[in-house]
file input_1.cif (mmCIF, C-alpha atoms)
data_model
loop_
_atom_site.label_atom_id
_atom_site.label_comp_id
_atom_site.auth_asym_id
_atom_site.auth_seq_id
_atom_site.Cartn_x
_atom_site.Cartn_y
_atom_site.Cartn_z
CA MET A 17 -15.16 -27.09 7.75
CA ARG A 18 -13.32 -27.05 4.44
CA LEU A 19 -13.20 -24.09 2.07
CA THR A 20 -14.80 -25.02 -1.27
CA ARG A 21 -15.00 -21.68 -3.07
CA LEU A 22 -14.75 -17.94 -2.47
CA ARG A 23 -15.54 -14.62 -4.12
CA ILE A 24 -13.94 -11.21 -3.54
CA LYS A 25 -15.78 -7.98 -4.40
CA ASP A 26 -14.69 -4.33 -4.14
CA PHE A 27 -11.64 -5.18 -2.05
CA ARG A 28 -8.44 -3.25 -2.75
CA ALA A 29 -7.80 -3.54 -6.49
CA VAL A 30 -10.18 -6.47 -7.05
CA LYS A 31 -13.54 -5.36 -8.42
CA ASP A 32 -15.08 -8.84 -8.64
CA SER A 33 -13.08 -12.07 -8.70
CA GLY A 34 -16.08 -14.20 -9.53
CA TRP A 35 -16.43 -17.53 -7.73
CA ILE A 36 -13.08 -19.28 -7.29
CA ASP A 37 -13.25 -23.04 -6.71
CA CYS A 38 -10.87 -24.28 -4.01
CA GLN A 39 -9.43 -27.76 -3.70
CA LYS A 40 -7.11 -29.23 -1.06
CA ILE A 41 -4.27 -27.57 -2.95
CA THR A 42 -5.17 -24.46 -4.97
CA ALA A 43 -2.60 -22.38 -6.85
CA PHE A 44 -3.03 -18.74 -7.84
CA VAL A 45 -0.95 -17.95 -10.91
CA GLY A 46 -0.60 -14.50 -12.42
CA GLU A 47 1.59 -11.50 -13.11
CA ASN A 48 2.71 -9.09 -10.40
CA GLU A 49 -0.10 -6.86 -9.14
CA ALA A 50 -2.69 -9.21 -10.67
CA GLY A 51 -4.46 -9.60 -7.30
CA LYS A 52 -3.18 -12.96 -6.03
CA THR A 53 -2.15 -11.61 -2.63
CA THR A 54 -5.31 -9.50 -2.43
CA VAL A 55 -7.49 -12.62 -2.60
CA LEU A 56 -5.48 -14.25 0.19
CA MET A 57 -5.62 -11.13 2.35
CA ALA A 58 -9.41 -10.95 2.02
CA LEU A 59 -9.63 -14.58 3.11
CA LEU A 60 -7.39 -13.82 6.07
CA LYS A 61 -9.67 -10.97 7.14
CA LEU A 62 -12.70 -13.25 6.92
CA ALA A 63 -11.12 -15.82 9.20
CA TYR A 64 -9.83 -13.53 11.93
CA SER A 65 -12.14 -11.16 13.75
CA PRO A 66 -10.68 -9.07 16.62
CA LYS A 67 -12.46 -11.35 19.11
CA ARG A 68 -10.90 -14.46 17.60
CA LEU A 69 -7.47 -12.83 17.53
CA GLU A 70 -7.47 -12.18 21.28
CA GLY A 71 -4.83 -14.38 22.86
CA SER A 72 -4.10 -16.09 19.54
CA ASP A 73 -0.82 -17.95 19.43
CA VAL A 74 -0.89 -17.94 15.63
CA TYR A 75 -0.19 -14.28 15.06
CA LYS A 76 2.30 -11.78 16.42
CA LYS A 77 1.24 -8.18 16.96
CA ASN A 78 2.14 -7.01 13.43
CA GLU A 79 0.34 -10.00 11.95
CA VAL A 80 -2.78 -9.24 14.01
CA SER A 81 -2.76 -5.81 12.40
CA MET A 82 -2.48 -7.46 8.97
CA ALA A 83 -5.56 -9.59 9.66
CA SER A 84 -7.68 -6.62 10.80
CA ILE A 85 -9.85 -4.63 8.38
CA ASN A 86 -8.08 -1.38 7.43
CA PHE A 87 -10.34 1.19 5.75
CA ALA A 88 -7.48 3.09 4.09
CA LYS A 89 -5.78 -0.02 2.69
CA ASP A 90 -8.67 -2.37 1.98
CA VAL A 91 -11.33 -0.09 0.47
CA PRO A 92 -10.76 0.54 -3.26
CA LEU A 93 -9.08 3.90 -3.82
CA ASP A 94 -11.68 4.97 -6.38
CA GLN A 95 -14.37 4.68 -3.70
CA GLN A 96 -12.58 6.58 -0.97
CA GLY A 97 -13.83 10.16 -1.00
CA THR A 98 -16.43 9.50 -3.69
CA VAL A 99 -18.76 7.05 -1.91
CA GLU A 100 -20.29 7.76 1.49
CA ARG A 101 -18.38 6.05 4.30
CA ALA A 102 -21.56 4.49 5.71
CA THR A 103 -22.28 2.90 2.32
CA ILE A 104 -18.76 1.52 2.05
CA LEU A 105 -18.83 0.10 5.57
CA ASN A 106 -22.05 -1.75 4.70
CA THR A 107 -20.42 -3.32 1.61
CA THR A 108 -19.64 -7.05 1.61
CA PHE A 109 -16.10 -7.70 0.40
CA ILE A 110 -15.83 -11.48 0.67
CA TYR A 111 -18.07 -14.54 0.35
CA ALA A 112 -16.67 -17.95 1.27
CA GLU A 113 -18.42 -21.30 0.96
CA PHE A 114 -17.46 -24.12 3.32
CA LEU A 115 -18.35 -27.80 3.47
CA LEU A 116 -19.76 -28.66 6.89
CA THR A 117 -18.49 -31.70 8.74
CA GLU A 118 -20.97 -34.33 9.90
CA GLU A 119 -20.26 -33.34 13.51
CA MET A 120 -21.06 -29.70 12.79
CA ARG A 121 -24.29 -30.59 11.01
CA TYR A 122 -25.35 -32.68 14.01
CA ASN A 123 -24.47 -29.97 16.54
CA LEU A 124 -26.21 -27.26 14.50
CA SER A 125 -29.36 -29.39 14.21
CA LYS A 126 -29.50 -29.54 18.02
CA MET A 127 -29.43 -25.73 18.14
CA LEU A 128 -31.78 -25.09 15.22
CA PRO A 129 -33.85 -27.98 13.81
CA GLY A 130 -33.62 -28.13 10.03
CA LEU A 131 -29.97 -27.17 9.73
CA GLU A 132 -29.00 -30.84 9.41
CA ASP A 133 -30.26 -30.62 5.81
CA HIS A 134 -27.46 -28.20 4.90
CA SER A 135 -24.12 -29.57 3.73
CA PHE A 136 -22.63 -26.17 2.85
CA VAL A 137 -22.55 -22.76 4.48
CA THR A 138 -21.61 -19.42 2.93
CA ILE A 139 -20.03 -16.87 5.27
CA SER A 140 -19.61 -13.26 4.19
CA ARG A 141 -18.10 -10.20 5.84
CA LYS A 142 -18.59 -6.46 5.44
CA PHE A 143 -16.08 -3.64 5.86
CA ASN A 144 -17.76 -2.76 9.17
CA GLY A 145 -16.74 -6.19 10.45
CA GLU A 146 -20.24 -7.67 10.38
CA TYR A 147 -20.61 -11.34 9.44
CA ASN A 148 -23.54 -12.89 7.60
CA ILE A 149 -24.25 -16.63 7.36
CA ASP A 150 -26.66 -17.74 4.67
CA ILE A 151 -28.22 -20.75 6.42
CA LEU A 152 -29.12 -18.63 9.47
CA GLN A 153 -30.99 -15.87 7.62
CA ARG A 154 -34.45 -17.01 8.71
CA TYR A 155 -33.53 -17.39 12.38
CA ILE A 156 -33.42 -14.71 15.08
CA GLY A 157 -32.73 -14.43 18.80
CA GLU A 158 -30.21 -15.95 21.18
CA VAL A 159 -30.24 -19.38 19.53
CA HIS A 160 -29.34 -17.74 16.22
CA GLU A 161 -26.41 -15.94 17.86
CA ASN A 162 -25.20 -19.17 19.48
CA ALA A 163 -25.28 -20.97 16.13
CA LYS A 164 -23.52 -18.02 14.49
CA GLU A 165 -20.73 -18.03 17.08
CA TYR A 166 -20.38 -21.79 16.71
CA ILE A 167 -19.97 -21.56 12.93
CA LEU A 168 -17.59 -18.60 13.08
CA GLY A 169 -15.56 -20.40 15.74
CA ASN A 170 -15.05 -23.29 13.34
CA ILE A 171 -13.72 -21.28 10.40
CA PRO A 172 -10.38 -22.91 9.57
CA LYS A 173 -7.23 -21.06 10.57
CA PHE A 174 -5.45 -19.59 7.60
CA MET A 175 -1.73 -18.87 7.61
CA TYR A 176 -0.29 -16.18 5.38
CA PHE A 177 3.46 -16.36 4.85
CA GLN A 178 5.06 -13.12 3.68
CA GLU A 179 8.55 -14.49 3.14
CA VAL A 180 9.17 -15.22 -0.52
CA PHE A 181 11.85 -17.62 -1.64
CA GLU A 182 12.41 -20.01 -4.48
CA ILE A 183 12.68 -23.77 -4.30
CA GLY A 184 13.39 -26.16 -7.12
CA SER A 185 10.52 -27.44 -9.21
CA LYS A 186 11.58 -30.99 -8.34
CA ILE A 187 11.87 -31.81 -4.64
CA ASP A 188 13.13 -35.01 -3.03
CA MET A 189 10.44 -35.28 -0.35
CA ILE A 190 12.26 -38.04 1.53
CA SER A 191 15.45 -35.97 1.84
CA LEU A 192 13.41 -32.90 2.78
CA ALA A 193 11.51 -34.81 5.49
CA LEU A 194 14.71 -36.29 6.93
CA LYS A 195 16.36 -32.88 7.08
CA LEU A 196 13.34 -31.24 8.71
CA ASN A 197 12.97 -34.03 11.26
CA GLN A 198 16.65 -33.77 12.14
CA SER A 199 16.35 -30.02 12.64
CA ILE A 200 13.23 -30.50 14.76
CA LYS A 201 15.03 -33.12 16.86
CA ASN A 202 17.99 -30.78 17.38
CA ARG A 203 15.64 -27.82 17.97
CA ASN A 204 17.49 -25.64 15.49
CA LEU A 205 14.91 -25.07 12.76
CA THR A 206 15.70 -22.07 10.58
CA ALA A 207 12.93 -19.60 9.73
CA ARG A 208 12.70 -21.09 6.25
CA GLU A 209 12.53 -24.67 7.56
CA THR A 210 9.82 -23.64 10.02
CA MET A 211 7.77 -22.16 7.21
CA VAL A 212 8.19 -25.21 4.97
CA SER A 213 7.27 -27.62 7.78
CA ASN A 214 4.19 -25.55 8.65
CA LEU A 215 3.09 -25.56 5.03
CA LEU A 216 3.56 -29.30 4.73
CA ASP A 217 1.65 -29.82 7.98
CA ALA A 218 -1.18 -27.63 6.70
CA LEU A 219 -1.33 -29.64 3.47
CA ASP A 220 -1.22 -32.87 5.50
CA ILE A 221 1.39 -34.38 3.18
CA TRP A 222 4.01 -35.25 5.76
CA GLU A 223 4.25 -36.12 9.43
CA SER A 224 7.04 -34.93 11.69
CA ASN A 225 8.42 -37.34 14.28
#
call {"tool": "encode", "arguments": {"input": "input_1.cif", "output": "structure tokens"}}
result
Amino acid sequence: MRLTRLRIKDFRAVKDSGWIDCQKITAFVGENEAGKTTVLMALLKLAYSPKRLEGSDVYKKNEVSMASINFAKDVPLDQQGTVERATILNTTFIYAEFLLTEEMRYNLSKMLPGLEDHSFVTISRKFNGEYNIDILQRYIGEVHENAKEYILGNIPKFMYFQEVFEIGSKIDMISLALKLNQSIKNRNLTARETMVSNLLDALDIWESN
């Protein structure tokens, strides 16, 4: 699946982001405290449920905590103490639309006839951890749960890098690739080189060898 757009509502300081279109490379530009990181954190919490995080080799313990829903940090401050907790927990904080692959459409049609007609799926999550999937709304029972688990299991992995550093606006990609490949070969990648190589891998714009 590929993320095509998302919307954040009542999450931290973001009241309603509106629908944000996402391309292969999407840049969030804004002043400090404008909500750029908040949007990314909401997306992270959509992608990683506690069940999916079990045994994950992507996150360390502190990063697992970051990806978990935290009532005190994630619920808007103006709602804490003024809105009933049960109401808040039942609030949806993120909606994300994904483009289904042909393989997924085929597999889903085998589980629930009619799903092959859907090219997109919108997945949302509430503060209580509950997921909702729009194309499954009219289905119930075990087959519905199997299809739900299949879709949730195919949400792309999202990496959130906390380290902030500056790089020049003009980059010699050939020199960068040669340096990274040499470090990989010598097994002495620095933390910064590891992050850059992971980002380039995620963007599929280079290939290590």
call {"tool": "closest_residue", "arguments": {"input": "input_1.cif", "among": "A:Ile85, A:Ile167, A:Ala112, A:Ala50", "to": "Lys31 (chain A)", "atoms": "only C-alpha atoms"}}
result
A:Ala50
call {"tool": "resolve_selection", "arguments": {"input": "input_1.cif", "expression": "the PyMOL selection byres ((chain A and resi 123-128) around 10)", "output": "number ranges by chain"}}
result
A: 117-122, 129-134, 152, 155, 159-160, 162-164, 166-167
call {"tool": "atom_distance", "arguments": {"input": "input_1.cif", "atom1": "CA of Val137 (chain A)", "atom2": "CA of Val30 (chain A)"}}
result
23.5 Å
call {"tool": "closest_residue", "arguments": {"input": "input_1.cif", "among": "A:Leu22, A:Ile41, A:Met17, A:Ala29", "to": "Ser140 (chain A)", "atoms": "all atoms listed in the file"}}
result
A:Leu22
call {"tool": "atom_distance", "arguments": {"input": "input_1.cif", "atom1": "CA of Thr108 (chain A)", "atom2": "CA of Arg141 (chain A)"}}
result
5.5 Å
call {"tool": "atom_distance", "arguments": {"input": "input_1.cif", "atom1": "CA of Asp32 (chain A)", "atom2": "CA of Glu165 (chain A)"}}
result
27.9 Å
call {"tool": "residues_near_point", "arguments": {"input": "input_1.cif", "point": "(-13.7, -18.1, -8.8)", "cutoff": "8 Å", "atoms": "all atoms listed in the file", "output": "mmCIF file with C-alpha atoms, in the coordinates of the input"}}
result
data_model
loop_
_atom_site.group_PDB
_atom_site.id
_atom_site.type_symbol
_atom_site.label_atom_id
_atom_site.label_comp_id
_atom_site.auth_asym_id
_atom_site.auth_seq_id
_atom_site.Cartn_x
_atom_site.Cartn_y
_atom_site.Cartn_z
ATOM 1 C CA ARG A 21 -15.000 -21.680 -3.070
ATOM 2 C CA LEU A 22 -14.750 -17.940 -2.470
ATOM 3 C CA ARG A 23 -15.540 -14.620 -4.120
ATOM 4 C CA SER A 33 -13.080 -12.070 -8.700
ATOM 5 C CA GLY A 34 -16.080 -14.200 -9.530
ATOM 6 C CA TRP A 35 -16.430 -17.530 -7.730
ATOM 7 C CA ILE A 36 -13.080 -19.280 -7.290
ATOM 8 C CA ASP A 37 -13.250 -23.040 -6.710
#
call {"tool": "axis_aligned_box", "arguments": {"input": "input_1.cif", "around": "region 114-117 of chain A", "padding_each_side": "3 Å", "output": "AutoDock Vina command-line options"}}
result
--center_x -18.6 --center_y -27.9 --center_z 6.0 --size_x 8.3 --size_y 13.6 --size_z 11.4
call {"tool": "residues_near_point", "arguments": {"input": "input_1.cif", "point": "(-14.7, -5.4, -3.9)", "cutoff": "12 Å", "atoms": "all atoms listed in the file", "output": "PyMOL selection string"}}
result
chain A and resi 23-34+51+54-55+58+90-95+104-111+141-143
call {"tool": "closest_residue", "arguments": {"input": "input_1.cif", "among": "A:Glu113, A:Val45, A:Lys89, A:Gly145", "to": "Lys61 (chain A)", "atoms": "only C-alpha atoms"}}
result
A:Gly145
call {"tool": "resolve_selection", "arguments": {"input": "input_1.cif", "expression": "the PyMOL selection byres ((chain A and resi 172) around 9)", "output": "list in words"}}
result
Met17, Arg18, Leu19, Ala63, Gly169, Asn170, Ile171, Lys173 and Phe174 of chain A
call {"tool": "write_last_selection", "arguments": {"input": "input_1.cif", "atoms": "C-alpha atoms", "output": "mmCIF file, in the frame of the given file"}}
result
data_model
loop_
_atom_site.group_PDB
_atom_site.id
_atom_site.type_symbol
_atom_site.label_atom_id
_atom_site.label_comp_id
_atom_site.auth_asym_id
_atom_site.auth_seq_id
_atom_site.Cartn_x
_atom_site.Cartn_y
_atom_site.Cartn_z
ATOM 1 C CA MET A 17 -15.160 -27.090 7.750
ATOM 2 C CA ARG A 18 -13.320 -27.050 4.440
ATOM 3 C CA LEU A 19 -13.200 -24.090 2.070
ATOM 4 C CA ALA A 63 -11.120 -15.820 9.200
ATOM 5 C CA GLY A 169 -15.560 -20.400 15.740
ATOM 6 C CA ASN A 170 -15.050 -23.290 13.340
ATOM 7 C CA ILE A 171 -13.720 -21.280 10.400
ATOM 8 C CA LYS A 173 -7.230 -21.060 10.570
ATOM 9 C CA PHE A 174 -5.450 -19.590 7.600
#
call {"tool": "closest_residue", "arguments": {"input": "input_1.cif", "among": "A:Asn144, A:Asn202, A:Thr138, A:Ser84", "to": "Ala102 (chain A)", "atoms": "only C-alpha atoms"}}
result
A:Asn144
call {"tool": "build_atoms", "arguments": {"input": "input_1.cif", "residues": "region 193-209 of chain A", "atoms": "N, CA, C and O atoms", "output": "mmCIF file, in the coordinates of the input"}}
result
data_model
loop_
_atom_site.group_PDB
_atom_site.id
_atom_site.type_symbol
_atom_site.label_atom_id
_atom_site.label_comp_id
_atom_site.auth_asym_id
_atom_site.auth_seq_id
_atom_site.Cartn_x
_atom_site.Cartn_y
_atom_site.Cartn_z
ATOM 1 N N ALA A 193 12.092 -34.372 4.225
ATOM 2 C CA ALA A 193 11.510 -34.810 5.490
ATOM 3 C C ALA A 193 12.583 -35.192 6.494
ATOM 4 O O ALA A 193 12.499 -34.847 7.676
ATOM 5 N N LEU A 194 13.622 -35.896 6.030
ATOM 6 C CA LEU A 194 14.710 -36.290 6.930
ATOM 7 C C LEU A 194 15.436 -35.073 7.488
ATOM 8 O O LEU A 194 15.756 -35.017 8.677
ATOM 9 N N LYS A 195 15.670 -34.085 6.636
ATOM 10 C CA LYS A 195 16.360 -32.880 7.080
ATOM 11 C C LYS A 195 15.521 -32.093 8.083
ATOM 12 O O LYS A 195 16.016 -31.622 9.115
ATOM 13 N N LEU A 196 14.220 -31.972 7.803
ATOM 14 C CA LEU A 196 13.340 -31.240 8.710
ATOM 15 C C LEU A 196 13.226 -31.954 10.054
ATOM 16 O O LEU A 196 13.265 -31.328 11.117
ATOM 17 N N ASN A 197 13.076 -33.268 10.013
ATOM 18 C CA ASN A 197 12.970 -34.030 11.260
ATOM 19 C C ASN A 197 14.243 -33.929 12.093
ATOM 20 O O ASN A 197 14.187 -33.848 13.325
ATOM 21 N N GLN A 198 15.392 -33.909 11.422
ATOM 22 C CA GLN A 198 16.650 -33.770 12.140
ATOM 23 C C GLN A 198 16.748 -32.398 12.800
ATOM 24 O O GLN A 198 17.181 -32.270 13.957
ATOM 25 N N SER A 199 16.327 -31.369 12.089
ATOM 26 C CA SER A 199 16.350 -30.020 12.640
ATOM 27 C C SER A 199 15.382 -29.887 13.809
ATOM 28 O O SER A 199 15.672 -29.221 14.808
ATOM 29 N N ILE A 200 14.213 -30.531 13.681
ATOM 30 C CA ILE A 200 13.230 -30.500 14.760
ATOM 31 C C ILE A 200 13.797 -31.210 15.994
ATOM 32 O O ILE A 200 13.675 -30.734 17.122
ATOM 33 N N LYS A 201 14.437 -32.349 15.766
ATOM 34 C CA LYS A 201 15.030 -33.120 16.860
ATOM 35 C C LYS A 201 16.107 -32.313 17.571
ATOM 36 O O LYS A 201 16.217 -32.330 18.804
ATOM 37 N N ASN A 202 16.900 -31.591 16.796
ATOM 38 C CA ASN A 202 17.990 -30.780 17.380
ATOM 39 C C ASN A 202 17.518 -29.407 17.839
ATOM 40 O O ASN A 202 18.309 -28.624 18.376
ATOM 41 N N ARG A 203 16.241 -29.105 17.572
ATOM 42 C CA ARG A 203 15.640 -27.820 17.970
ATOM 43 C C ARG A 203 16.395 -26.634 17.384
ATOM 44 O O ARG A 203 16.625 -25.622 18.057
ATOM 45 N N ASN A 204 16.777 -26.749 16.134
ATOM 46 C CA ASN A 204 17.490 -25.640 15.490
ATOM 47 C C ASN A 204 16.914 -25.351 14.104
ATOM 48 O O ASN A 204 17.631 -25.125 13.135
ATOM 49 N N LEU A 205 15.578 -25.388 14.015
ATOM 50 C CA LEU A 205 14.910 -25.070 12.760
ATOM 51 C C LEU A 205 15.197 -23.628 12.350
ATOM 52 O O LEU A 205 15.085 -22.702 13.166
ATOM 53 N N THR A 206 15.566 -23.419 11.098
ATOM 54 C CA THR A 206 15.700 -22.070 10.580
ATOM 55 C C THR A 206 14.321 -21.523 10.284
ATOM 56 O O THR A 206 13.332 -22.261 10.259
ATOM 57 N N ALA A 207 14.219 -20.215 10.047
ATOM 58 C CA ALA A 207 12.930 -19.600 9.730
ATOM 59 C C ALA A 207 12.325 -20.225 8.475
ATOM 60 O O ALA A 207 11.133 -20.489 8.392
ATOM 61 N N ARG A 208 13.183 -20.507 7.487
ATOM 62 C CA ARG A 208 12.700 -21.090 6.250
ATOM 63 C C ARG A 208 12.211 -22.524 6.473
ATOM 64 O O ARG A 208 11.165 -22.927 5.965
ATOM 65 N N GLU A 209 12.943 -23.304 7.272
ATOM 66 C CA GLU A 209 12.530 -24.670 7.560
ATOM 67 C C GLU A 209 11.231 -24.691 8.348
ATOM 68 O O GLU A 209 10.373 -25.557 8.127
#
